[in-house]
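**Student:** Got start_22.cif for you, mmCIF, C-alpha atoms:
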```cif
data_structure
loop_
_atom_site.label_atom_id
_atom_site.label_comp_id
_atom_site.auth_asym_id
_atom_site.auth_seq_id
_atom_site.Cartn_x
_atom_site.Cartn_y
_atom_site.Cartn_z
CA MET A 122 0.00 0.00 0.00
CA LEU A 123 1.11 3.55 -0.64
CA THR A 124 2.26 5.59 2.33
CA LEU A 125 2.44 9.32 2.96
CA ALA A 126 5.28 11.36 4.39
CA PRO A 127 4.53 12.15 8.06
CA GLY A 128 4.23 15.69 9.33
CA SER A 129 1.77 18.46 10.00
CA VAL A 130 -0.54 19.74 7.29
CA GLU A 131 -2.48 22.96 6.78
CA VAL A 132 -6.01 22.59 5.47
CA ALA A 133 -8.23 25.60 4.81
CA GLY A 134 -6.49 27.81 7.35
CA VAL A 135 -6.14 25.16 10.06
CA ARG A 136 -2.83 23.55 11.04
CA LEU A 137 -3.33 19.84 11.79
CA SER A 138 -0.80 17.36 13.11
CA ASN A 139 -1.97 14.83 10.49
CA HIS A 140 -4.80 14.32 7.98
CA LEU A 141 -7.17 12.57 10.42
CA LEU A 142 -9.86 14.52 12.29
CA LEU A 143 -12.60 13.47 14.65
CA ALA A 144 -15.97 14.05 12.99
CA ALA A 145 -18.69 16.11 14.67
CA GLY A 146 -21.00 14.39 17.13
CA ILE A 147 -18.61 11.65 18.30
CA LEU A 148 -17.00 12.17 21.75
CA GLY A 149 -17.20 15.91 21.15
CA THR A 150 -19.38 16.98 24.06
CA THR A 151 -16.66 17.84 26.60
CA GLY A 152 -13.20 19.32 26.52
CA ALA A 153 -11.85 16.22 28.30
CA SER A 154 -13.21 13.86 25.64
CA LEU A 155 -11.83 16.00 22.82
CA ARG A 156 -8.44 16.15 24.53
CA ARG A 157 -8.52 12.37 24.89
CA VAL A 158 -9.10 11.95 21.15
CA LEU A 159 -6.16 14.23 20.37
CA ASP A 160 -4.00 12.22 22.77
CA HIS A 161 -4.96 9.08 20.81
CA GLY A 162 -3.55 10.39 17.56
CA ALA A 163 -6.18 12.57 15.90
CA GLY A 164 -4.72 15.44 13.91
CA GLY A 165 -7.64 17.65 14.89
CA VAL A 166 -11.12 17.43 16.40
CA VAL A 167 -14.59 18.70 15.54
CA THR A 168 -16.97 19.37 18.42
CA LYS A 169 -20.55 18.29 18.86
CA SER A 170 -22.86 20.65 16.96
CA ILE A 171 -23.63 23.68 19.12
CA GLY A 172 -26.73 25.76 18.48
CA PRO A 173 -28.38 29.00 19.59
CA LEU A 174 -30.39 27.34 22.40
CA PRO A 175 -29.86 24.26 24.59
CA GLN A 176 -31.60 21.14 23.30
CA ASP A 177 -32.33 17.74 24.81
CA GLY A 178 -32.63 16.02 21.43
CA HIS A 179 -35.10 13.40 20.26
CA ALA A 180 -36.75 10.77 22.43
CA GLY A 181 -35.10 7.35 22.33
CA PRO A 182 -34.20 4.99 20.93
CA CYS A 183 -31.74 7.43 19.32
CA ILE A 184 -29.11 5.08 17.91
CA ILE A 185 -29.10 1.47 16.68
CA ARG A 186 -26.60 -0.79 14.99
CA VAL A 187 -27.49 -1.93 11.48
CA GLU A 188 -25.61 -3.96 8.92
CA GLY A 189 -22.76 -1.80 7.67
CA GLY A 190 -22.97 0.94 10.25
CA LEU A 191 -25.14 2.91 12.64
CA LEU A 192 -28.53 4.57 12.34
CA ASN A 193 -29.00 7.59 14.59
CA ALA A 194 -31.51 10.34 15.28
CA MET A 195 -30.01 12.28 18.15
CA GLY A 196 -31.79 15.55 17.40
CA LEU A 197 -28.79 17.85 17.99
CA PRO A 198 -28.68 17.69 21.80
CA ASN A 199 -26.29 20.33 23.11
CA PRO A 200 -25.72 22.78 25.99
CA SER A 201 -25.49 25.79 23.65
CA MET A 202 -23.33 28.65 24.92
CA GLU A 203 -22.35 26.76 28.08
CA PHE A 204 -20.11 24.60 25.91
CA LEU A 205 -17.63 27.46 25.79
CA ASP A 206 -16.59 26.52 29.33
CA GLU A 207 -15.09 23.31 27.89
CA LEU A 208 -12.68 25.06 25.55
CA PRO A 209 -9.95 26.57 27.78
CA GLN A 210 -8.36 23.14 28.33
CA LEU A 211 -7.98 22.85 24.54
CA ALA A 212 -6.25 26.20 24.01
CA GLY A 213 -3.76 26.04 21.15
CA LYS A 214 -5.11 22.72 19.85
CA PRO A 215 -6.67 22.21 16.39
CA VAL A 216 -10.33 22.41 17.39
CA ILE A 217 -13.13 23.06 14.90
CA ALA A 218 -16.49 24.06 16.39
CA SER A 219 -19.47 22.49 14.66
CA ILE A 220 -22.38 24.93 14.78
CA TYR A 221 -25.99 24.88 13.66
CA ALA A 222 -28.74 27.48 13.48
CA GLY A 223 -32.05 28.26 11.82
CA SER A 224 -31.07 31.38 9.87
CA PRO A 225 -28.02 33.27 8.58
CA ASP A 226 -28.19 35.74 11.48
CA GLU A 227 -28.32 32.92 14.03
CA PHE A 228 -25.34 31.23 12.38
CA ALA A 229 -23.33 34.45 12.63
CA MET A 230 -24.31 34.88 16.28
CA VAL A 231 -23.25 31.35 17.28
CA ALA A 232 -20.04 31.60 15.25
CA GLN A 233 -19.06 34.77 17.10
CA TRP A 234 -19.19 32.90 20.41
CA PHE A 235 -16.17 30.91 19.22
CA ASP A 236 -14.09 33.78 17.90
CA GLY A 237 -10.57 33.46 19.27
CA LYS A 238 -11.40 30.16 20.99
CA VAL A 239 -11.19 27.64 18.11
CA SER A 240 -9.29 27.19 14.86
CA ALA A 241 -12.38 27.23 12.63
CA VAL A 242 -16.12 26.68 12.58
CA GLU A 243 -17.93 23.95 10.67
CA LEU A 244 -21.47 24.82 9.59
CA ASN A 245 -23.84 21.90 10.10
CA LEU A 246 -26.07 22.37 7.07
CA SER A 247 -26.57 18.65 6.68
CA CYS A 248 -28.13 16.88 9.69
CA PRO A 249 -31.07 14.89 8.21
CA HIS A 250 -33.24 14.58 11.31
CA ALA A 251 -33.63 18.01 12.97
CA ALA A 252 -36.65 20.01 11.81
CA GLY A 253 -35.74 23.54 10.78
CA TYR A 254 -32.01 22.94 11.00
CA GLY A 255 -29.26 21.08 9.15
CA ALA A 256 -30.40 19.66 5.83
CA ALA A 257 -33.64 21.66 6.04
CA LEU A 258 -31.45 24.65 5.18
CA GLY A 259 -28.60 22.79 3.49
CA SER A 260 -30.69 21.46 0.61
CA ASP A 261 -31.35 25.02 -0.60
CA PRO A 262 -28.36 26.55 -2.45
CA VAL A 263 -29.57 30.10 -1.80
CA MET A 264 -29.80 29.50 1.95
CA VAL A 265 -26.43 27.72 2.01
CA GLU A 266 -24.79 30.72 0.36
CA LYS A 267 -26.45 33.18 2.74
CA CYS A 268 -25.58 31.19 5.89
CA THR A 269 -21.99 30.73 4.74
CA GLU A 270 -21.62 34.40 3.87
CA ALA A 271 -22.99 35.44 7.26
CA VAL A 272 -20.36 33.37 9.07
CA THR A 273 -17.42 34.28 6.84
CA ARG A 274 -18.08 37.95 7.66
CA THR A 275 -17.05 37.15 11.24
CA GLY A 276 -13.53 36.45 9.97
CA LEU A 277 -13.41 32.89 11.28
CA PRO A 278 -12.13 30.15 8.94
CA THR A 279 -15.37 28.56 7.74
CA TRP A 280 -15.98 24.95 6.75
CA VAL A 281 -19.40 23.88 5.45
CA LYS A 282 -20.62 20.31 5.95
CA LEU A 283 -22.87 19.15 3.12
CA THR A 284 -25.76 16.72 3.01
CA PRO A 285 -25.79 13.88 0.46
CA ASN A 286 -29.60 13.92 0.54
CA VAL A 287 -29.93 16.21 -2.48
CA THR A 288 -30.21 15.72 -6.22
CA ASP A 289 -26.90 17.46 -7.00
CA ILE A 290 -24.38 17.98 -4.20
CA THR A 291 -22.12 20.03 -6.48
CA GLU A 292 -24.78 22.73 -6.64
CA ILE A 293 -24.66 22.97 -2.85
CA GLY A 294 -20.86 22.94 -2.78
CA GLN A 295 -20.70 25.76 -5.29
CA ALA A 296 -23.16 27.77 -3.19
CA ALA A 297 -20.92 27.35 -0.14
CA GLU A 298 -17.92 28.46 -2.19
CA ARG A 299 -19.78 31.54 -3.43
CA GLY A 300 -20.56 32.35 0.19
CA GLY A 301 -16.86 32.43 0.95
CA ALA A 302 -16.34 29.01 2.55
CA ASP A 303 -12.72 28.04 3.15
CA ALA A 304 -13.52 24.33 2.82
CA ILE A 305 -16.30 21.83 2.21
CA VAL A 306 -16.88 18.77 4.39
CA ALA A 307 -18.57 15.89 2.57
CA ILE A 308 -20.65 14.12 3.67
CA ASN A 309 -23.04 13.91 6.61
CA THR A 310 -25.26 10.87 7.17
CA VAL A 311 -27.65 9.41 4.60
CA LYS A 312 -31.34 9.66 5.44
CA ALA A 313 -32.58 6.19 6.42
CA MET A 314 -34.84 4.17 8.73
CA ARG A 315 -35.64 0.68 10.03
CA ILE A 316 -38.99 -0.76 11.11
CA SER A 317 -39.52 -3.32 13.86
CA THR A 318 -41.69 -6.06 12.38
CA GLY A 319 -42.48 -7.28 15.89
CA LEU A 320 -43.67 -3.90 17.14
CA ARG A 321 -44.96 -2.78 13.72
CA ARG A 322 -43.41 0.64 14.08
CA PRO A 323 -40.16 2.47 13.29
CA VAL A 324 -37.26 1.46 15.53
CA LEU A 325 -36.01 5.00 16.18
CA GLY A 326 -37.93 7.33 18.44
CA ASN A 327 -37.83 9.96 15.69
CA ARG A 328 -38.95 7.35 13.10
CA PHE A 329 -36.13 8.14 10.66
CA GLY A 330 -32.52 9.13 11.11
CA GLY A 331 -29.12 9.15 9.42
CA LEU A 332 -27.04 6.16 8.32
CA SER A 333 -23.29 6.30 8.95
CA GLY A 334 -20.43 3.82 8.75
CA PRO A 335 -18.85 1.67 6.02
CA ALA A 336 -22.15 1.30 4.15
CA ILE A 337 -22.02 4.94 3.05
CA PHE A 338 -18.31 5.07 2.16
CA PRO A 339 -18.86 4.60 -1.61
CA ILE A 340 -21.46 7.39 -1.53
CA ALA A 341 -19.01 9.70 0.21
CA VAL A 342 -16.24 8.90 -2.27
CA ARG A 343 -18.52 9.74 -5.19
CA CYS A 344 -19.62 13.02 -3.58
CA VAL A 345 -16.02 14.08 -2.91
CA TYR A 346 -15.07 13.12 -6.48
CA ASP A 347 -17.86 15.24 -7.96
CA LEU A 348 -17.14 18.19 -5.68
CA TYR A 349 -13.43 18.14 -6.59
CA ASP A 350 -14.40 18.64 -10.24
CA SER A 351 -16.85 21.44 -9.54
CA CYS A 352 -15.32 23.44 -6.67
CA SER A 353 -11.90 25.01 -6.14
CA ILE A 354 -11.75 25.07 -2.32
CA PRO A 355 -10.38 22.18 -0.21
CA ILE A 356 -12.60 19.21 0.58
CA ILE A 357 -12.56 17.23 3.83
CA GLY A 358 -13.87 13.72 3.18
CA CYS A 359 -16.22 12.13 5.71
CA GLY A 360 -18.37 9.02 5.69
CA GLY A 361 -17.50 5.44 6.59
CA ILE A 362 -13.72 5.82 6.79
CA SER A 363 -12.14 3.10 8.91
CA SER A 364 -8.72 2.25 7.42
CA ALA A 365 -5.61 3.77 5.88
CA GLY A 366 -6.77 2.44 2.52
CA ASP A 367 -10.03 4.35 2.91
CA VAL A 368 -8.09 7.54 3.63
CA LEU A 369 -5.97 7.12 0.52
CA GLU A 370 -9.04 6.40 -1.62
CA MET A 371 -10.80 9.48 -0.30
CA MET A 372 -7.73 11.62 -0.95
CA MET A 373 -7.42 10.25 -4.48
CA ALA A 374 -11.04 11.29 -5.01
CA GLY A 375 -10.07 14.83 -4.00
CA ALA A 376 -10.04 15.15 -0.21
CA SER A 377 -7.27 17.16 1.43
CA ALA A 378 -8.04 15.57 4.83
CA VAL A 379 -10.67 13.27 6.33
CA GLU A 380 -13.01 13.08 9.30
CA ILE A 381 -13.65 9.82 11.13
CA GLY A 382 -16.80 9.21 13.17
CA THR A 383 -18.51 5.83 13.45
CA ALA A 384 -15.21 3.90 13.42
CA VAL A 385 -14.24 5.66 16.66
CA ILE A 386 -17.05 3.99 18.59
CA GLY A 387 -15.51 1.13 20.53
CA ASP A 388 -12.02 1.84 19.15
CA LEU A 389 -10.58 5.17 20.21
CA SER A 390 -7.16 3.99 18.98
CA ILE A 391 -8.44 4.10 15.37
CA PHE A 392 -6.50 7.31 14.72
CA SER A 393 -3.14 5.92 15.80
CA THR A 394 -3.90 2.61 14.06
CA ILE A 395 -4.61 4.32 10.75
CA ALA A 396 -1.67 6.69 11.12
CA GLY A 397 0.63 3.72 11.74
CA SER A 398 -0.24 2.32 8.32
CA LEU A 399 -0.73 5.61 6.47
CA TYR A 400 2.56 7.37 7.25
CA ALA A 401 6.16 6.27 6.78
CA PRO A 402 9.51 8.01 6.27
CA GLY A 403 10.06 8.39 2.56
CA GLY A 404 6.33 8.26 1.84
CA LEU A 405 4.71 10.29 -0.90
CA SER A 406 3.90 13.94 -0.52
CA PRO A 407 0.12 14.21 0.02
CA GLY A 408 -0.05 16.63 -2.90
CA GLU A 409 0.88 13.78 -5.21
CA ILE A 410 -2.30 11.84 -4.51
CA VAL A 411 -5.00 14.41 -3.73
CA GLY A 412 -7.32 14.23 -6.73
CA CYS A 413 -5.05 11.89 -8.69
CA ALA A 414 -7.97 9.63 -9.62
CA HIS A 415 -9.25 12.36 -11.91
CA GLY A 416 -6.43 11.75 -14.35
#
```
Could you show the structure in this file as structure tokens?
**Tutor:**
Amino acid sequence: MLTLAPGSVEVAGVRLSNHLLLAAGILGTTGASLRRVLDHGAGGVVTKSIGPLPQDGHAGPCIIRVEGGLLNAMGLPNPSMEFLDELPQLAGKPVIASIYAGSPDEFAMVAQWFDGKVSAVELNLSCPHAAGYGAALGSDPVMVEKCTEAVTRTGLPTWVKLTPNVTDITEIGQAAERGGADAIVAINTVKAMRISTGLRRPVLGNRFGGLSGPAIFPIAVRCVYDLYDSCSIPIIGCGGISSAGDVLEMMMAGASAVEIGTAVIGDLSIFSTIAGSLYAPGGLSPGEIVGCAHG
């Protein structure tokens, strides 16, 4: 297998110790848990999505295992502005704050809370199971552009996480780029559901949720590939990554870095495990493989 030269990397205004980031929503609810992930080899971390008001999230069951991954409908539970108290212990570390809101003005307000406290913000315009938030806004190119523009005016490096639950993800990526995004994150979970035949009702408390894990990896690769052809800003690949080979494939599709989520559950050492196979002295420069599958 190919290997990459070890060393830090800068992606969209953020200096990372390697190409592997923790994805939003996984172990990102406290400063201690984020610090723990960094100590286990992550090159950077993305927080749980933080919104304008505290939320308890959806009624359970909120997460179930399915073949090929996980199905979740958490409903964006978060402590809102109180989360800022978790950040001092992460000062100087590559932390990206995932944020969500219901309008451009709300996005700008929440983003400003993190000014000077994090390396960048990641706009959650892609959660498939929170009414009025996430993909409800992120499926509309006009709204994506407006929300992105509102946050970029704050001066914070701005990443925009896209939903795959649209007809043409490149249209959404281009809207984020027009809004001034520094990077695109692709993708969030795929809208899905399961039904209990014994109970004759949906398994999740919210009825439907988002599918993550290896089952969506080919979808994520295709989305990154298409975005690389249509957008000029960096892409962070996300969706089902669980091995060094997956990282290389995603980078060949066009990703400058990757986020890992579901694979972290039950295996916090996944970052160091992947890094151990991905990097080696004398390995290739990452620039040699990013987008190389496009010929």
**Student:** Given only C-alpha atoms as the basis, pick out the residue of A:Leu137, A:Ala304, A:Val216, A:Ala257 nearest to Lys238 of chain A.
**Tutor:**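 Smallest separation from Lys238 of chain A among the options: A:Val216.
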**Student:** Specify as a ChimeraX atom specification each residue included when the PyMOL selection byres ((chain A and resi 247) around 12) is applied to this file.
**Tutor:** /A:145,170,197,219-222,243-246,248-261,265,281-287,290,293-294,305-312,331
**Student:** Of the residues A:His140, A:Arg186, A:Lys169, A:Arg274, which is the one nearest to Met371 of chain A, using only C-alpha atoms?
**Tutor:**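 Of A:His140, A:Arg186, A:Lys169, A:Arg274, the one nearest Met371 of chain A is A:His140, counting only C-alpha atoms.
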**Student:** Skipping near chain neighbours, those fewer than 4 positions away, what residues fall within 10 Å of segment 153-165 of chain A using all atoms listed in the file, listed as an MDAnalysis selection string?
**Tutor:** chainID A and resid 129:130 135:144 147:149 169 207:208 210:211 214:217 240 378:381 385 389:397
**Student:** Just say which residues the PyMOL selection byres ((chain A and resi 180-184) around 7) picks in this file, as number ranges by chain.
**Tutor:** A: 178-179, 185, 191-195, 325-327
**Student:** How far is it from atom CA of Ile316 of chain A to atom CA of Ile337 of chain A, in Å with one decimal?
**Tutor:**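 Between atom CA of Ile316 of chain A and atom CA of Ile337 of chain A the gap works out to 19.6 Å.
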**Student:** Using the chain letters and numbers from this file, what does the PyMOL selection byres ((chain A and resi 347-349) around 10) select? Give the answer as a list in words.
**Tutor:** Asp289, Ile290, Thr291, Glu292, Ile293, Gly294, Gln295, Ile305, Ala307, Ala341, Val342, Arg343, Cys344, Val345, Tyr346, Asp350, Ser351, Cys352, Ser353, Ile354, Pro355, Ile356, Ala374, Gly375, Ala376, Val411, Gly412 and His415 of chain A
**Student:** Determine, counting all atoms listed in the file, which protein, DNA and RNA residues have an atom within 6 Å of an atom of Ala218 of chain A; residues of the same chain fewer than 5 positions away are not included. Present the result as a VMD selection string.
**Tutor:** chain A and resid 167 to 168 242 to 243
**Student:** Report, in Å with one decimal, the straight-line distance from atom CA of Arg328 of chain A to atom CA of Gly196 of chain A.
**Tutor:**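 Computed distance, atom CA of Arg328 of chain A to atom CA of Gly196 of chain A, equals 11.7 Å.
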**Student:** Which residue is closest to Ala302 of chain A? Choose from A:Ser377, A:Thr275, A:Ser224, A:Thr318 and count only C-alpha atoms.
**Tutor:**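 Closest to Ala302 of chain A of all the choices is A:Thr275.
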**Student:** Kindly indicate which residue among A:Gly134, A:Pro262, A:Gly189, A:Gly128 lies nearest to Thr279 of chain A, using all atoms listed in the file for the distances.
**Tutor:**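 Closest to Thr279 of chain A, using all atoms listed in the file: A:Gly134.
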**Student:** Point out the residue among A:Thr124, A:Thr150, A:Ser201, A:Ser333 with the least atom-to-atom distance to Met314 of chain A, counting only C-alpha atoms.
**Tutor:**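 Checking each of A:Thr124, A:Thr150, A:Ser201, A:Ser333 against Met314 of chain A, counting only C-alpha atoms, the winner is A:Ser333.
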**Student:** Report the distance between atom CA of Val166 of chain A and atom CA of Val263 of chain A in Å, rounded to one decimal place.
**Tutor:**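 So the answer is 28.8 Å.
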**Student:** Could you write segment 249-261 of chain A of the block just shown to a file containing N, CA and C atoms, as a PDB file, in the first residue's frame?
**Tutor:**
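Final file, decode.pdb:
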```
ATOM      1  N   PRO A 249     -29.817  15.245   8.894  1.00  0.00           N
ATOM      2  CA  PRO A 249     -31.066  14.895   8.208  1.00  0.00           C
ATOM      3  C   PRO A 249     -32.276  14.703   9.108  1.00  0.00           C
ATOM      4  N   HIS A 250     -32.136  14.928  10.423  1.00  0.00           N
ATOM      5  CA  HIS A 250     -33.244  14.581  11.309  1.00  0.00           C
ATOM      6  C   HIS A 250     -33.532  15.644  12.365  1.00  0.00           C
ATOM      7  N   ALA A 251     -33.329  16.914  12.032  1.00  0.00           N
ATOM      8  CA  ALA A 251     -33.633  18.006  12.966  1.00  0.00           C
ATOM      9  C   ALA A 251     -34.458  19.062  12.236  1.00  0.00           C
ATOM     10  N   ALA A 252     -35.742  19.106  12.509  1.00  0.00           N
ATOM     11  CA  ALA A 252     -36.647  20.005  11.805  1.00  0.00           C
ATOM     12  C   ALA A 252     -36.212  21.458  11.936  1.00  0.00           C
ATOM     13  N   GLY A 253     -36.104  22.132  10.792  1.00  0.00           N
ATOM     14  CA  GLY A 253     -35.745  23.541  10.777  1.00  0.00           C
ATOM     15  C   GLY A 253     -34.269  23.823  10.797  1.00  0.00           C
ATOM     16  N   TYR A 254     -33.457  22.782  10.941  1.00  0.00           N
ATOM     17  CA  TYR A 254     -32.009  22.940  11.004  1.00  0.00           C
ATOM     18  C   TYR A 254     -31.351  21.991   9.997  1.00  0.00           C
ATOM     19  N   GLY A 255     -30.012  22.044   9.951  1.00  0.00           N
ATOM     20  CA  GLY A 255     -29.261  21.083   9.146  1.00  0.00           C
ATOM     21  C   GLY A 255     -29.681  21.049   7.697  1.00  0.00           C
ATOM     22  N   ALA A 256     -30.059  19.846   7.234  1.00  0.00           N
ATOM     23  CA  ALA A 256     -30.404  19.657   5.829  1.00  0.00           C
ATOM     24  C   ALA A 256     -31.643  20.433   5.403  1.00  0.00           C
ATOM     25  N   ALA A 257     -32.477  20.829   6.379  1.00  0.00           N
ATOM     26  CA  ALA A 257     -33.638  21.656   6.039  1.00  0.00           C
ATOM     27  C   ALA A 257     -33.194  22.963   5.392  1.00  0.00           C
ATOM     28  N   LEU A 258     -32.037  23.466   5.803  1.00  0.00           N
ATOM     29  CA  LEU A 258     -31.447  24.649   5.179  1.00  0.00           C
ATOM     30  C   LEU A 258     -30.454  24.245   4.087  1.00  0.00           C
ATOM     31  N   GLY A 259     -29.715  23.164   4.348  1.00  0.00           N
ATOM     32  CA  GLY A 259     -28.603  22.789   3.488  1.00  0.00           C
ATOM     33  C   GLY A 259     -28.970  22.194   2.156  1.00  0.00           C
ATOM     34  N   SER A 260     -30.251  21.949   1.916  1.00  0.00           N
ATOM     35  CA  SER A 260     -30.690  21.461   0.612  1.00  0.00           C
ATOM     36  C   SER A 260     -31.073  22.600  -0.327  1.00  0.00           C
ATOM     37  N   ASP A 261     -31.004  23.827   0.180  1.00  0.00           N
ATOM     38  CA  ASP A 261     -31.351  25.022  -0.604  1.00  0.00           C
ATOM     39  C   ASP A 261     -30.075  25.822  -0.886  1.00  0.00           C
TER      40      ASP A 261
END
```
